[in-house]
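Below is the file target-v5.csv, which contains CSV, N, CA and C atoms.
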```
chain,number,residue,atom,x,y,z
A,240,MET,N,3.3,-8.3,20.2
A,240,MET,CA,3.7,-9.3,21.3
A,240,MET,C,3.7,-8.5,22.6
A,241,VAL,N,3.5,-9.2,23.7
A,241,VAL,CA,3.5,-8.6,25.0
A,241,VAL,C,4.9,-8.4,25.4
A,242,PRO,N,5.2,-7.3,26.0
A,242,PRO,CA,6.6,-7.1,26.5
A,242,PRO,C,7.0,-8.2,27.5
A,243,ASN,N,8.2,-8.8,27.3
A,243,ASN,CA,8.7,-9.8,28.2
A,243,ASN,C,9.9,-9.4,28.9
A,244,TYR,N,10.1,-8.2,29.0
A,244,TYR,CA,11.3,-7.6,29.7
A,244,TYR,C,10.8,-6.7,30.8
A,245,PRO,N,11.6,-6.4,31.8
A,245,PRO,CA,11.1,-5.5,32.9
A,245,PRO,C,11.1,-4.1,32.3
A,246,LEU,N,10.1,-3.4,32.6
A,246,LEU,CA,10.0,-2.0,32.2
A,246,LEU,C,10.3,-1.1,33.4
A,247,ASN,N,11.4,-0.4,33.4
A,247,ASN,CA,11.9,0.4,34.5
A,247,ASN,C,12.1,1.8,34.0
A,248,MET,N,11.0,2.6,34.1
A,248,MET,CA,11.1,3.9,33.6
A,248,MET,C,11.9,4.8,34.5
A,249,SER,N,12.3,4.4,35.7
A,249,SER,CA,13.1,5.2,36.6
A,249,SER,C,14.6,5.2,36.3
A,250,ASP,N,14.9,4.3,35.4
A,250,ASP,CA,16.3,4.1,34.9
A,250,ASP,C,16.5,5.0,33.7
A,251,PRO,N,17.1,6.2,33.9
A,251,PRO,CA,17.2,7.2,32.8
A,251,PRO,C,18.1,6.7,31.6
A,252,THR,N,19.0,5.8,31.8
A,252,THR,CA,19.9,5.4,30.8
A,252,THR,C,19.2,4.5,29.8
A,253,THR,N,18.1,3.9,30.2
A,253,THR,CA,17.5,3.0,29.2
A,253,THR,C,16.0,3.4,28.9
A,254,ALA,N,15.6,4.6,29.3
A,254,ALA,CA,14.2,5.0,29.1
A,254,ALA,C,13.9,5.1,27.6
A,255,ASP,N,14.8,5.6,26.8
A,255,ASP,CA,14.6,5.7,25.4
A,255,ASP,C,14.4,4.3,24.7
A,256,GLU,N,15.3,3.4,25.1
A,256,GLU,CA,15.2,2.1,24.6
A,256,GLU,C,14.0,1.4,25.0
A,257,GLN,N,13.6,1.6,26.2
A,257,GLN,CA,12.3,1.0,26.7
A,257,GLN,C,11.1,1.6,26.0
A,258,TRP,N,11.1,2.8,25.7
A,258,TRP,CA,10.0,3.5,25.0
A,258,TRP,C,9.9,2.9,23.6
A,259,VAL,N,11.1,2.7,22.9
A,259,VAL,CA,11.1,2.2,21.6
A,259,VAL,C,10.5,0.8,21.6
A,260,ARG,N,10.9,0.0,22.6
A,260,ARG,CA,10.4,-1.4,22.7
A,260,ARG,C,8.9,-1.4,22.9
A,261,LEU,N,8.5,-0.5,23.7
A,261,LEU,CA,7.0,-0.4,24.0
A,261,LEU,C,6.3,0.0,22.7
A,262,CYS,N,6.8,0.9,22.0
A,262,CYS,CA,6.2,1.3,20.7
A,262,CYS,C,6.2,0.1,19.7
A,263,ASP,N,7.3,-0.6,19.7
A,263,ASP,CA,7.3,-1.8,18.8
A,263,ASP,C,6.3,-2.8,19.2
A,264,ASP,N,6.2,-3.0,20.5
A,264,ASP,CA,5.2,-4.0,21.0
A,264,ASP,C,3.7,-3.5,20.6
A,265,PHE,N,3.5,-2.2,20.7
A,265,PHE,CA,2.2,-1.7,20.3
A,265,PHE,C,1.9,-2.0,18.8
A,266,VAL,N,2.9,-1.7,18.0
A,266,VAL,CA,2.8,-2.0,16.5
A,266,VAL,C,2.5,-3.4,16.2
A,267,ASN,N,3.2,-4.3,16.9
A,267,ASN,CA,2.9,-5.8,16.7
A,267,ASN,C,1.5,-6.2,17.2
A,268,LEU,N,1.1,-5.6,18.3
A,268,LEU,CA,-0.2,-5.9,18.8
A,268,LEU,C,-1.3,-5.4,17.9
A,269,GLU,N,-1.1,-4.2,17.4
A,269,GLU,CA,-2.0,-3.6,16.5
A,269,GLU,C,-2.2,-4.4,15.2
A,270,ALA,N,-1.1,-4.9,14.7
A,270,ALA,CA,-1.1,-5.8,13.5
A,270,ALA,C,-1.9,-7.0,13.8
A,271,GLN,N,-1.7,-7.6,15.0
A,271,GLN,CA,-2.5,-8.8,15.3
A,271,GLN,C,-4.0,-8.5,15.4
A,272,CYS,N,-4.3,-7.4,16.0
A,272,CYS,CA,-5.7,-7.0,16.1
A,272,CYS,C,-6.3,-6.8,14.7
A,273,ALA,N,-5.5,-6.1,13.8
A,273,ALA,CA,-6.0,-5.9,12.4
A,273,ALA,C,-6.2,-7.2,11.7
A,274,LEU,N,-5.3,-8.2,11.9
A,274,LEU,CA,-5.5,-9.5,11.3
A,274,LEU,C,-6.8,-10.2,11.8
A,275,LEU,N,-7.1,-10.1,13.1
A,275,LEU,CA,-8.3,-10.7,13.6
A,275,LEU,C,-9.5,-10.0,13.0
A,276,CYS,N,-9.5,-8.7,12.9
A,276,CYS,CA,-10.6,-8.0,12.2
A,276,CYS,C,-10.8,-8.4,10.8
A,277,GLU,N,-9.7,-8.6,10.1
A,277,GLU,CA,-9.8,-9.0,8.7
A,277,GLU,C,-10.4,-10.5,8.6
A,278,LEU,N,-9.9,-11.3,9.5
A,278,LEU,CA,-10.4,-12.7,9.6
A,278,LEU,C,-11.9,-12.7,9.9
A,279,LEU,N,-12.3,-11.9,10.9
A,279,LEU,CA,-13.8,-11.9,11.2
A,279,LEU,C,-14.6,-11.4,10.1
A,280,THR,N,-14.1,-10.4,9.3
A,280,THR,CA,-14.8,-9.8,8.2
A,280,THR,C,-15.0,-10.9,7.1
A,281,CYS,N,-13.9,-11.7,6.8
A,281,CYS,CA,-14.0,-12.7,5.8
A,281,CYS,C,-14.9,-13.8,6.3
A,282,VAL,N,-14.9,-14.2,7.5
A,282,VAL,CA,-15.8,-15.2,8.0
A,282,VAL,C,-17.3,-14.8,7.9
A,283,SER,N,-17.5,-13.5,8.2
A,283,SER,CA,-18.9,-13.0,8.2
A,283,SER,C,-19.4,-13.0,6.8
A,284,ARG,N,-18.6,-12.9,5.8
A,284,ARG,CA,-19.0,-12.8,4.4
A,284,ARG,C,-19.2,-14.2,3.7
A,285,ARG,N,-18.8,-15.2,4.4
A,285,ARG,CA,-18.8,-16.6,3.8
A,285,ARG,C,-20.3,-17.0,3.8
A,286,ASP,N,-20.6,-17.9,2.8
A,286,ASP,CA,-21.9,-18.5,2.7
A,286,ASP,C,-22.0,-19.7,3.5
A,287,LEU,N,-20.8,-20.4,3.8
A,287,LEU,CA,-20.8,-21.6,4.6
A,287,LEU,C,-20.6,-21.3,6.1
A,288,PRO,N,-21.3,-22.0,6.9
A,288,PRO,CA,-21.1,-21.8,8.3
A,288,PRO,C,-19.7,-22.2,8.8
A,289,LEU,N,-19.2,-21.6,9.8
A,289,LEU,CA,-17.9,-21.9,10.3
A,289,LEU,C,-17.9,-23.2,11.1
A,290,ASP,N,-17.0,-24.2,10.8
A,290,ASP,CA,-17.0,-25.4,11.6
A,290,ASP,C,-16.4,-25.2,13.0
A,291,SER,N,-16.5,-26.3,13.8
A,291,SER,CA,-16.1,-26.2,15.2
A,291,SER,C,-14.6,-25.9,15.3
A,292,ALA,N,-13.8,-26.5,14.5
A,292,ALA,CA,-12.4,-26.2,14.6
A,292,ALA,C,-12.1,-24.7,14.3
A,293,GLY,N,-12.7,-24.2,13.3
A,293,GLY,CA,-12.6,-22.8,13.0
A,293,GLY,C,-13.0,-21.9,14.1
A,294,LYS,N,-14.2,-22.2,14.7
A,294,LYS,CA,-14.6,-21.4,15.8
A,294,LYS,C,-13.7,-21.5,17.0
A,295,HIS,N,-13.1,-22.7,17.2
A,295,HIS,CA,-12.2,-22.8,18.3
A,295,HIS,C,-10.9,-22.0,18.1
A,296,GLY,N,-10.4,-22.0,16.8
A,296,GLY,CA,-9.2,-21.2,16.5
A,296,GLY,C,-9.5,-19.8,16.7
A,297,ILE,N,-10.6,-19.3,16.3
A,297,ILE,CA,-10.9,-17.8,16.4
A,297,ILE,C,-11.0,-17.5,17.9
A,298,ASP,N,-11.6,-18.4,18.7
A,298,ASP,CA,-11.7,-18.2,20.1
A,298,ASP,C,-10.4,-18.1,20.8
A,299,LEU,N,-9.5,-19.1,20.4
A,299,LEU,CA,-8.1,-19.1,21.0
A,299,LEU,C,-7.4,-17.8,20.6
A,300,TYR,N,-7.4,-17.4,19.4
A,300,TYR,CA,-6.7,-16.2,18.9
A,300,TYR,C,-7.2,-15.0,19.6
A,301,SER,N,-8.5,-14.8,19.7
A,301,SER,CA,-9.1,-13.6,20.3
A,301,SER,C,-8.8,-13.6,21.8
A,302,ASN,N,-8.8,-14.8,22.5
A,302,ASN,CA,-8.5,-14.8,23.9
A,302,ASN,C,-7.0,-14.4,24.1
A,303,GLN,N,-6.1,-14.9,23.3
A,303,GLN,CA,-4.7,-14.5,23.4
A,303,GLN,C,-4.5,-13.0,23.2
A,304,LEU,N,-5.2,-12.5,22.2
A,304,LEU,CA,-5.1,-11.0,22.0
A,304,LEU,C,-5.7,-10.3,23.2
A,305,ARG,N,-6.7,-10.7,23.8
A,305,ARG,CA,-7.3,-10.1,24.9
A,305,ARG,C,-6.3,-10.1,26.1
A,306,GLU,N,-5.6,-11.2,26.3
A,306,GLU,CA,-4.6,-11.3,27.4
A,306,GLU,C,-3.4,-10.3,27.1
A,307,GLN,N,-3.0,-10.3,25.8
A,307,GLN,CA,-1.9,-9.4,25.4
A,307,GLN,C,-2.3,-7.9,25.6
A,308,LEU,N,-3.6,-7.6,25.3
A,308,LEU,CA,-4.0,-6.2,25.5
A,308,LEU,C,-4.0,-5.8,27.0
A,309,ILE,N,-4.4,-6.7,27.8
A,309,ILE,CA,-4.5,-6.5,29.3
A,309,ILE,C,-3.0,-6.3,29.8
A,310,ALA,N,-2.1,-7.1,29.4
A,310,ALA,CA,-0.7,-7.0,29.8
A,310,ALA,C,-0.1,-5.7,29.2
A,311,PHE,N,-0.4,-5.4,28.0
A,311,PHE,CA,0.1,-4.2,27.4
A,311,PHE,C,-0.4,-2.9,28.1
A,312,LYS,N,-1.7,-2.9,28.5
A,312,LYS,CA,-2.3,-1.8,29.2
A,312,LYS,C,-1.6,-1.6,30.5
A,313,GLN,N,-1.2,-2.7,31.2
A,313,GLN,CA,-0.5,-2.6,32.5
A,313,GLN,C,0.9,-2.0,32.3
A,314,LYS,N,1.5,-2.4,31.2
A,314,LYS,CA,2.9,-1.8,30.9
A,314,LYS,C,2.8,-0.3,30.6
A,315,LEU,N,1.7,0.1,29.9
A,315,LEU,CA,1.5,1.5,29.7
A,315,LEU,C,1.3,2.3,31.0
A,316,TYR,N,0.5,1.7,31.9
A,316,TYR,CA,0.3,2.3,33.2
A,316,TYR,C,1.6,2.4,34.0
A,317,GLU,N,2.4,1.4,33.9
A,317,GLU,CA,3.7,1.4,34.6
A,317,GLU,C,4.7,2.5,34.0
A,318,ALA,N,4.5,2.8,32.7
A,318,ALA,CA,5.4,3.7,32.0
A,318,ALA,C,5.0,5.2,32.2
A,319,ARG,N,3.8,5.4,32.8
A,319,ARG,CA,3.3,6.7,33.0
A,319,ARG,C,4.3,7.5,34.0
A,320,PRO,N,4.6,8.7,33.7
A,320,PRO,CA,5.4,9.5,34.5
A,320,PRO,C,4.9,9.6,36.0
A,321,GLY,N,5.7,9.3,36.9
A,321,GLY,CA,5.3,9.4,38.3
A,321,GLY,C,4.6,8.1,38.8
A,322,GLU,N,4.4,7.2,38.0
A,322,GLU,CA,3.6,6.0,38.4
A,322,GLU,C,4.5,5.1,39.4
A,323,ALA,N,5.8,5.1,39.2
A,323,ALA,CA,6.7,4.3,40.0
A,323,ALA,C,6.6,4.9,41.5
A,324,GLU,N,6.5,6.2,41.6
A,324,GLU,CA,6.4,6.7,43.0
A,324,GLU,C,5.1,6.4,43.6
A,325,ARG,N,4.0,6.3,42.9
A,325,ARG,CA,2.7,6.0,43.4
A,325,ARG,C,2.5,4.6,43.8
A,326,THR,N,3.1,3.6,43.0
A,326,THR,CA,3.0,2.2,43.2
A,326,THR,C,4.1,1.6,44.0
A,327,GLY,N,5.2,2.2,44.1
A,327,GLY,CA,6.4,1.5,44.7
A,327,GLY,C,6.8,2.3,45.9
```
For this file, produce the structure as structure tokens.
Amino acid sequence: MVPNYPLNMSDPTTADEQWVRLCDDFVNLEAQCALLCELLTCVSRRDLPLDSAGKHGIDLYSNQLREQLIAFKQKLYEARPGEAERTG
């Protein structure tokens, strides 16, 4: 899942907790990507063509993952040491 809380690496009292949350978010996102890969593998091995509803579902899921990856990448950049000084 995409982090839905403010990431404030300049706050030393919560940096460890924020790092754990970020790691948990990565694990969840990685699991969703693995699920999509497994789904696409199964679809590619089918003898029957995928119907329009199935194609639409895969498109929605992959677009959601893409948006989550972009947001997660931004959170990682924000968490980089010294990034707060450069951007703020």
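Here the question is which of A:Ile297, A:Ala254, A:Leu289, A:Leu304 gets nearest to A:Cys272 using only N, CA and C atoms, and that residue is A:Leu304.
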Problem - Point-to-point distance from atom CA of A:Leu315 to atom CA of A:Cys276, Å rounded to tenths - result: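 Computing the Euclidean distance for atom CA of A:Leu315 and atom CA of A:Cys276 yields 23.3 Å.
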Problem - atom CA of A:Asp263 to atom CA of A:Ile309, distance in Å rounded to a single decimal - result: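 Value for the atom CA of A:Asp263-atom CA of A:Ile309 distance: 16.5 Å.
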Practice task
Return the single residue from A:Val266, A:Val259, A:Gln271, A:Cys281 that is closest to A:Gln303, with distances computed using only C-alpha atoms.
Solution key: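 Comparing A:Val266, A:Val259, A:Gln271, A:Cys281 against A:Gln303, the winner is A:Gln271.
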Completion exercise
One decimal place gives the atom CA of A:Gln257-atom CA of A:Ala273 separation as 24.2 Å
Practice task
Rank A:Ala318, A:Leu279, A:Leu268, A:Leu308 by their smallest atom-to-atom distance to A:Lys294, using only C-alpha atoms, and report the top residue only.
Solution key: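 Going through A:Ala318, A:Leu279, A:Leu268, A:Leu308 one by one, the smallest distance to A:Lys294 is for A:Leu279.
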